[in-house]
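K.L.:
See run13.txt below, with compact mmCIF, C-alpha atoms and all ligand atoms.
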```txt
# COMPACT_ATOMS: atom_id res chain seq x y z
CA MET A 1 157.46 120.01 120.65
CA ILE A 2 154.25 118.22 121.66
CA ASN A 3 152.69 121.66 122.25
CA ASP A 4 153.49 122.58 118.64
CA VAL A 5 151.85 119.37 117.47
CA GLN A 6 148.74 120.09 119.52
CA LYS A 7 148.60 123.69 118.30
CA TYR A 8 148.89 122.62 114.67
CA TRP A 9 146.07 120.04 114.87
CA ASN A 10 143.87 122.44 116.84
CA SER A 11 144.26 125.00 114.09
CA ALA A 12 143.67 122.44 111.33
CA PRO A 13 141.81 119.31 112.43
CA CYS A 14 142.27 116.59 109.86
CA ASP A 15 139.82 116.89 106.90
CA ILE A 16 137.98 119.90 108.37
CA GLY A 17 137.71 121.65 104.98
CA LEU A 18 136.24 118.77 103.00
CA SER A 19 132.68 120.10 103.09
CA ASP A 20 130.97 123.46 102.63
CA GLU A 21 128.10 122.50 104.92
CA PRO A 22 127.94 124.13 108.40
CA VAL A 23 130.66 122.56 110.58
CA GLY A 24 129.08 120.13 113.05
CA SER A 25 125.92 119.43 111.05
CA ARG A 26 125.04 115.89 110.09
CA LYS A 27 125.30 116.73 106.39
CA TYR A 28 128.78 118.09 107.04
CA PHE A 29 129.89 114.80 108.62
CA ASP A 30 128.23 112.80 105.80
CA ASP A 31 130.26 114.80 103.26
CA LEU A 32 133.48 114.31 105.20
CA GLU A 33 133.03 110.56 105.39
CA LEU A 34 132.26 110.27 101.70
CA ALA A 35 135.30 112.36 100.78
CA LYS A 36 137.63 110.51 103.15
CA TYR A 37 136.73 107.00 102.02
CA ARG A 38 136.70 108.05 98.39
CA ARG A 39 140.20 109.43 98.81
CA GLU A 40 141.47 106.58 101.00
CA PRO A 41 139.30 103.58 100.11
CA HIS A 42 141.91 101.17 101.48
CA ILE A 43 140.86 102.21 105.02
CA LEU A 44 137.72 100.10 104.68
CA GLY A 45 139.53 96.82 104.09
CA PHE A 46 142.24 97.63 106.58
CA ALA A 47 140.06 98.71 109.49
CA ASP A 48 137.52 95.97 108.69
CA PHE A 49 134.97 97.72 110.91
CA GLN A 50 132.42 94.90 111.06
CA ARG A 51 134.99 92.44 112.40
CA TRP A 52 135.16 94.32 115.73
CA CYS A 53 131.46 94.12 116.59
CA GLY A 54 131.16 93.45 120.33
CA LYS A 55 134.93 93.93 120.82
CA ASP A 56 136.98 96.53 122.67
CA VAL A 57 138.74 98.93 120.35
CA LEU A 58 141.29 101.58 121.29
CA GLU A 59 141.87 104.23 118.64
CA ILE A 60 144.95 106.42 118.89
CA GLY A 61 144.53 109.87 117.32
CA ILE A 62 140.86 109.91 116.36
CA GLY A 63 140.96 113.32 114.69
CA MET A 64 137.36 114.24 113.85
CA GLY A 65 136.24 110.69 114.53
CA CYS A 66 135.40 109.30 111.10
CA ASP A 67 136.79 105.80 111.73
CA THR A 68 135.73 106.04 115.39
CA THR A 69 132.12 106.50 114.26
CA ASN A 70 132.36 103.52 111.95
CA PHE A 71 133.73 101.24 114.68
CA ALA A 72 130.84 102.37 116.91
CA ARG A 73 128.35 101.97 114.06
CA ARG A 74 129.40 98.32 113.66
CA GLY A 75 128.95 97.63 117.36
CA ALA A 76 132.46 97.95 118.80
CA ARG A 77 133.04 99.43 122.26
CA VAL A 78 135.37 102.28 121.37
CA THR A 79 137.84 104.26 123.42
CA GLY A 80 139.50 107.04 121.43
CA VAL A 81 142.20 109.53 122.33
CA ASP A 82 143.59 112.64 120.68
CA LEU A 83 145.81 115.56 121.50
CA SER A 84 143.66 118.13 119.71
CA THR A 85 140.83 119.44 121.86
CA TYR A 86 139.04 120.93 118.85
CA SER A 87 139.14 117.60 117.02
CA LEU A 88 137.77 115.86 120.10
CA VAL A 89 134.86 118.28 120.35
CA LEU A 90 134.03 117.69 116.68
CA ALA A 91 134.38 113.91 117.09
CA LYS A 92 131.97 113.98 120.03
CA THR A 93 129.53 116.07 117.99
CA ARG A 94 129.85 113.63 115.11
CA LEU A 95 129.12 110.55 117.24
CA ALA A 96 126.14 112.30 118.83
CA ALA A 97 124.84 113.34 115.39
CA TYR A 98 124.53 109.65 114.46
CA GLY A 99 123.37 108.52 117.92
CA TYR A 100 126.52 106.60 118.90
CA ASP A 101 128.62 106.68 121.99
CA ALA A 102 132.31 106.21 122.67
CA ASN A 103 134.74 106.93 125.45
CA LEU A 104 136.72 109.87 124.07
CA LEU A 105 139.65 111.31 125.99
CA TRP A 106 142.24 113.99 125.64
CA ALA A 107 145.62 112.26 125.88
CA ASP A 108 149.15 112.40 124.62
CA ALA A 109 149.67 108.90 123.26
CA GLU A 110 153.33 109.07 124.23
CA ARG A 111 152.21 109.20 127.86
CA LEU A 112 148.98 107.29 127.58
CA CYS A 113 149.21 105.52 130.91
CA PHE A 114 148.87 108.85 132.70
CA TYR A 115 145.44 109.39 131.11
CA LEU A 116 143.96 105.99 130.40
CA PRO A 117 143.86 103.40 133.20
CA GLU A 118 145.30 100.06 132.25
CA ARG A 119 142.90 97.64 130.55
CA LYS A 120 143.16 95.32 127.58
CA PHE A 121 141.73 95.92 124.13
CA ASP A 122 141.06 93.51 121.25
CA LEU A 123 142.14 96.01 118.61
CA ILE A 124 144.45 98.99 118.81
CA TYR A 125 143.94 101.07 115.71
CA SER A 126 145.67 104.21 114.52
CA TRP A 127 145.38 105.83 111.11
CA GLY A 128 147.97 108.41 110.15
CA VAL A 129 148.89 109.52 113.65
CA ILE A 130 152.03 107.97 115.11
CA HIS A 131 154.27 109.54 112.45
CA HIS A 132 153.03 112.96 113.68
CA THR A 133 154.20 112.60 117.27
CA PRO A 134 157.73 113.71 118.22
CA THR A 135 158.94 110.34 119.57
CA PRO A 136 156.89 107.54 117.98
CA LYS A 137 158.62 104.72 119.83
CA ASN A 138 157.19 106.07 123.11
CA VAL A 139 153.71 105.35 121.76
CA PHE A 140 154.51 101.70 121.07
CA ASN A 141 156.09 101.43 124.49
CA GLN A 142 152.84 102.67 126.01
CA LEU A 143 150.58 100.49 123.89
CA GLN A 144 152.03 97.27 125.26
CA SER A 145 150.18 97.64 128.53
CA TYR A 146 146.82 97.78 126.72
CA CYS A 147 147.40 94.45 124.95
CA HIS A 148 146.39 90.94 125.85
CA LYS A 149 148.10 88.10 124.02
CA ASP A 150 145.70 88.22 121.05
CA THR A 151 145.36 91.98 120.71
CA GLU A 152 145.76 93.11 117.14
CA LEU A 153 147.54 96.32 116.31
CA ARG A 154 146.55 97.96 113.01
CA ILE A 155 148.36 101.14 112.17
CA MET A 156 149.05 103.31 109.17
CA LEU A 157 152.35 105.17 108.85
CA TYR A 158 153.52 107.29 105.94
CA ALA A 159 155.62 105.36 103.44
CA LYS A 160 158.96 106.91 102.57
CA TRP A 161 159.47 105.54 99.06
CA SER A 162 156.10 106.53 97.68
CA ALA A 163 154.93 108.37 94.57
CA ARG A 164 153.52 111.06 96.88
CA ALA A 165 156.85 111.70 98.66
CA ILE A 166 158.73 111.76 95.36
CA PHE A 167 156.12 114.12 93.87
CA LYS A 168 156.51 116.50 96.82
CA LEU A 169 160.27 116.36 96.55
CA ILE A 170 160.13 117.32 92.88
CA PHE A 171 157.31 119.87 92.87
CA ASN A 172 157.54 121.41 96.35
CA GLY A 173 161.25 120.92 96.95
CA HIS A 174 162.48 121.42 93.39
CA GLY A 175 164.36 118.15 93.60
CA LYS A 176 166.58 119.11 96.56
CA TRP A 177 166.93 115.49 97.68
CA TRP A 178 169.37 116.42 100.47
CA LYS A 179 166.46 118.26 102.12
CA PHE A 180 164.10 115.31 101.55
CA HIS A 181 162.92 114.91 105.17
CA ASP A 182 162.29 118.59 105.72
CA ILE A 183 160.45 119.04 102.41
CA ILE A 184 158.09 116.12 102.87
CA ARG A 185 157.42 117.10 106.47
CA ARG A 186 156.53 120.68 105.55
CA HIS A 187 154.27 119.59 102.71
CA SER A 188 152.85 116.44 104.28
CA GLU A 189 149.41 117.92 105.05
CA PHE A 190 146.89 120.19 103.39
CA GLN A 191 147.87 123.01 105.76
CA PRO A 192 151.65 123.56 105.39
CA ASP A 193 154.37 123.33 108.01
CA CYS A 194 153.19 120.35 109.99
CA PRO A 195 155.65 120.33 112.91
CA VAL A 196 156.25 116.55 112.83
CA ALA A 197 155.82 114.07 109.98
CA TYR A 198 158.10 111.05 109.71
CA TYR A 199 158.17 108.75 106.71
CA TYR A 200 159.21 105.09 106.98
CA SER A 201 160.69 102.43 104.76
CA PHE A 202 159.65 98.83 105.52
CA ALA A 203 162.90 98.27 107.41
CA GLU A 204 162.50 101.45 109.48
CA ALA A 205 158.92 100.60 110.40
CA LYS A 206 159.98 97.12 111.46
CA ALA A 207 162.79 98.52 113.59
CA LEU A 208 160.40 101.02 115.20
CA LEU A 209 157.97 98.35 116.35
CA ALA A 210 160.51 95.58 117.02
CA PRO A 211 161.19 96.19 120.73
CA TYR A 212 157.50 95.69 121.52
CA PHE A 213 155.55 94.19 118.63
CA GLU A 214 155.96 91.55 115.92
CA ILE A 215 154.70 92.62 112.54
CA THR A 216 152.35 90.05 111.00
CA SER A 217 151.83 91.93 107.76
CA ILE A 218 153.06 95.09 106.12
CA ARG A 219 152.24 96.51 102.71
CA LYS A 220 151.87 99.76 100.85
CA ALA A 221 148.57 101.21 99.66
CA GLY A 222 147.07 104.51 98.61
CA LEU A 223 147.85 106.35 95.45
CA ARG A 224 145.54 109.31 95.61
CA GLY A 225 144.34 110.51 92.24
CA VAL A 226 146.45 108.08 90.24
CA PRO A 227 144.62 105.43 88.22
CA ALA A 228 147.02 102.86 89.56
CA GLY A 229 147.26 99.16 89.05
CA ARG A 230 147.66 96.95 92.10
CA LEU A 231 151.36 96.39 91.53
CA PHE A 232 152.05 100.10 91.18
CA GLU A 233 150.18 100.75 94.42
CA ARG A 234 152.17 98.04 96.26
CA LEU A 235 155.40 99.62 95.04
CA PHE A 236 154.63 103.34 95.36
CA GLY A 237 151.61 103.67 97.66
CA SER A 238 151.82 106.47 100.22
CA HIS A 239 150.67 104.50 103.25
CA LEU A 240 152.30 101.61 105.11
CA LEU A 241 149.52 99.37 106.41
CA ILE A 242 150.88 97.42 109.34
CA THR A 243 149.29 94.72 111.45
CA ALA A 244 151.17 93.46 114.47
CA LYS A 245 150.92 91.51 117.73
CA LEU A 246 152.69 91.88 121.04
CA SER A 247 156.13 90.30 120.60
CA SER A 248 156.32 86.69 121.81
CA ALA A 249 158.76 87.50 124.62
CA ARG A 250 156.30 90.05 125.97
CA ARG A 251 153.30 87.75 125.45
CA ASN A 252 155.00 84.94 127.38
CA TYR A 253 155.82 87.33 130.16
CA GLY A 254 152.05 87.66 130.54
CA GLY A 255 151.52 91.14 129.14
CA VAL A 256 153.03 94.34 130.37
CA ARG A 257 151.92 96.32 133.36
CA VAL A 258 151.70 100.10 133.35
CA GLU A 259 154.30 100.17 136.17
CA ASP A 260 156.83 98.46 133.90
CA VAL A 261 156.22 101.01 131.20
CA ILE A 262 156.62 103.93 133.58
CA ASP A 263 159.87 102.43 134.91
CA SER A 264 161.23 101.71 131.45
CA GLU A 265 164.06 103.84 130.19
CA ASP A 266 162.20 104.78 127.02
CA ILE A 267 159.77 107.14 128.66
CA GLY A 268 160.70 110.75 129.04
CA GLU A 269 163.10 110.82 126.12
C1 LIG B 301 146.38 113.24 110.32
S1 LIG B 301 145.34 113.35 111.72
C2 LIG B 301 144.57 111.75 111.65
C3 LIG B 301 143.27 111.72 112.40
C4 LIG B 301 142.42 110.47 112.17
N1 LIG B 301 143.09 109.26 112.55
C5 LIG B 301 141.93 110.41 110.75
O1 LIG B 301 142.27 109.47 110.02
O2 LIG B 301 141.19 111.31 110.36
C6 LIG B 301 146.52 113.15 113.05
C7 LIG B 301 145.92 113.25 114.44
O3 LIG B 301 146.88 112.74 115.38
C8 LIG B 301 146.77 113.46 116.58
N2 LIG B 301 148.01 113.29 117.34
C9 LIG B 301 149.28 113.60 116.96
N3 LIG B 301 150.16 113.30 117.94
C10 LIG B 301 149.43 112.76 118.96
C11 LIG B 301 149.76 112.27 120.25
N4 LIG B 301 151.02 112.27 120.71
N5 LIG B 301 148.76 111.81 121.04
C12 LIG B 301 147.47 111.84 120.61
N6 LIG B 301 147.09 112.29 119.39
C13 LIG B 301 148.07 112.76 118.58
C14 LIG B 301 146.52 114.88 116.10
O4 LIG B 301 145.95 115.69 117.10
C15 LIG B 301 145.59 114.65 114.90
O5 LIG B 301 144.23 114.71 115.28
```
Starting from the coordinates I provided, produce the structure as structure tokens.
P.N.:
Amino acid sequence: MINDVQKYWNSAPCDIGLSDEPVGSRKYFDDLELAKYRREPHILGFADFQRWCGKDVLEIGIGMGCDTTNFARRGARVTGVDLSTYSLVLAKTRLAAYGYDANLLWADAERLCFYLPERKFDLIYSWGVIHHTPTPKNVFNQLQSYCHKDTELRIMLYAKWSARAIFKLIFNGHGKWWKFHDIIRRHSEFQPDCPVAYYYSFAEAKALLAPYFEITSIRKAGLRGVPAGRLFERLFGSHLLITAKLSSARRNYGGVRVEDVIDSEDIGE
């Protein structure tokens, strides 16, 4: 399954078609950034790039490195991982085009400790990634060992009860609500048939993180193309914006070592 995920994102790195400029040129990356933040302006407030100046940031699933570049631009020390080799190459090209540097690695986030030696980060950030991996809870299990007691986790997951999901159900799935999960998975991305795309209600997102992290805030945002009021966006936005901290039991234990994660029963499921 993870091979299918890798294959899909190698064939269609996130946002690759948002510019007509030559792929890899600086103008191309400028266009991509403009289009991405125009389409998803809530990233700016959520990532809060300037806040992480001088801090250690781990980004899970960097794609073509748009947010990665902005963390680096604001002075963060960034480590970024992704499963898609093509995306990583483009992310490296992008950082170089602007004269920034980051530690970029190929890694499966579900088995991160095999690729990234244990160290603690101030922020662990992931935008639109963990719902695309076959077993998302493995990622949270792994992330514990990269947290100190004040590490902040900021992640975006797809919201289940959103205008976007309902739209796809009606227009792509002709209202076949009993096939809801399959329809929204197949039509979740620009390129069809994404092999994995989970959608979460508030309760499901809380349950997913609960064994490892305590959620400090969760809200919906993102109504692409809809001139929405704030309330409408909070009710029907397509993204769940989640901030969390290591759960108190795990904090008191003094953080989690990679060895504990490897021994834990969650891995290998
Ligand atoms: C929708 S894109 C988001 C990319 C980026 N965060 C952005 O906002 O442009 C999803 C990315 O997650 C990566 N991904 C999916 N599963 C992964 C895993 N298990 N480990 C690492 N990266 C993964 C894919 O390769 C892809 O680049």
K.L.:
For a quick check of understanding, using all atoms listed in the file, which of A:Gly229, A:Gly65, A:Pro192, A:Gly128 has the smallest distance to Leu90 of chain A?
P.N.:
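Going through A:Gly229, A:Gly65, A:Pro192, A:Gly128 one by one, the smallest distance to Leu90 of chain A is for A:Gly65.
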K.L.:
What is the distance, in Å and to one decimal place, between atom CA of Ser188 of chain A and atom CA of Ala244 of chain A?
P.N.:
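Atom-to-atom, atom CA of Ser188 of chain A and atom CA of Ala244 of chain A are spaced 25.2 Å apart.
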K.L.:
Could I get the residues of chain A with an atom no further than 7 Å from an atom of ligand LIG 301 (chain B), each paired with its nearest atom pair and that distance in Å to one decimal, using only C-alpha atoms and all ligand atoms, sorted by chain and residue number, as a tab-separated table?
P.N.:
```
residue	atom	partner	partner_atom	distance
A:Ile2	CA	B:LIG301	N4	6.8
A:Val5	CA	B:LIG301	N3	6.3
A:Gln6	CA	B:LIG301	O4	5.7
A:Trp9	CA	B:LIG301	O4	4.9
A:Pro13	CA	B:LIG301	O5	5.9
A:Cys14	CA	B:LIG301	S1	4.8
A:Asp15	CA	B:LIG301	O2	6.7
A:Ile60	CA	B:LIG301	C12	6.2
A:Gly61	CA	B:LIG301	N6	4.1
A:Ile62	CA	B:LIG301	N1	4.5
A:Gly63	CA	B:LIG301	O5	3.6
A:Met64	CA	B:LIG301	O2	6.0
A:Gly65	CA	B:LIG301	O2	6.5
A:Cys66	CA	B:LIG301	O2	6.2
A:Asp67	CA	B:LIG301	O1	6.8
A:Val81	CA	B:LIG301	C12	6.0
A:Asp82	CA	B:LIG301	N6	3.7
A:Leu83	CA	B:LIG301	N6	4.1
A:Ser84	CA	B:LIG301	O4	4.2
A:Ser87	CA	B:LIG301	O5	6.1
A:Ala107	CA	B:LIG301	C12	5.6
A:Asp108	CA	B:LIG301	N5	3.6
A:Ala109	CA	B:LIG301	N5	3.8
A:Glu110	CA	B:LIG301	N4	5.3
A:Ser126	CA	B:LIG301	N1	6.0
A:Trp127	CA	B:LIG301	N1	4.4
A:Gly128	CA	B:LIG301	C2	5.0
A:Val129	CA	B:LIG301	O3	4.2
A:Ile130	CA	B:LIG301	N3	6.3
A:His132	CA	B:LIG301	C9	5.0
A:Thr133	CA	B:LIG301	N3	4.2
```
K.L.:
Using only the atoms of segment 62-77 of chain A listed in the file, plus 6 Å on each side, state the axis-aligned box centre and edge lengths in Å rounded to one decimal, as lines of an AutoDock Vina configuration file.
P.N.:
```
center_x = 134.7
center_y = 105.9
center_z = 116.7
size_x = 24.6
size_y = 28.6
size_z = 23.2
```
K.L.:
Report, in Å with one decimal, the straight-line distance from atom CA of Ile184 of chain A to atom CA of Ser19 of chain A.
P.N.:
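Atom-to-atom, atom CA of Ile184 of chain A to atom CA of Ser19 of chain A, that is 25.7 Å.
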K.L.:
Between A:Leu241, A:Val196, A:Leu208, A:Ile170, which one has atoms that come closest to Leu44 of chain A, using only C-alpha atoms?
P.N.:
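With only C-alpha atoms as the atom set, the closest residue is A:Leu241.
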K.L.:
One decimal, Å: what's the distance from atom CA of Asp150 of chain A over to atom CA of Thr79 of chain A, could you say?
P.N.:
18.0 Å
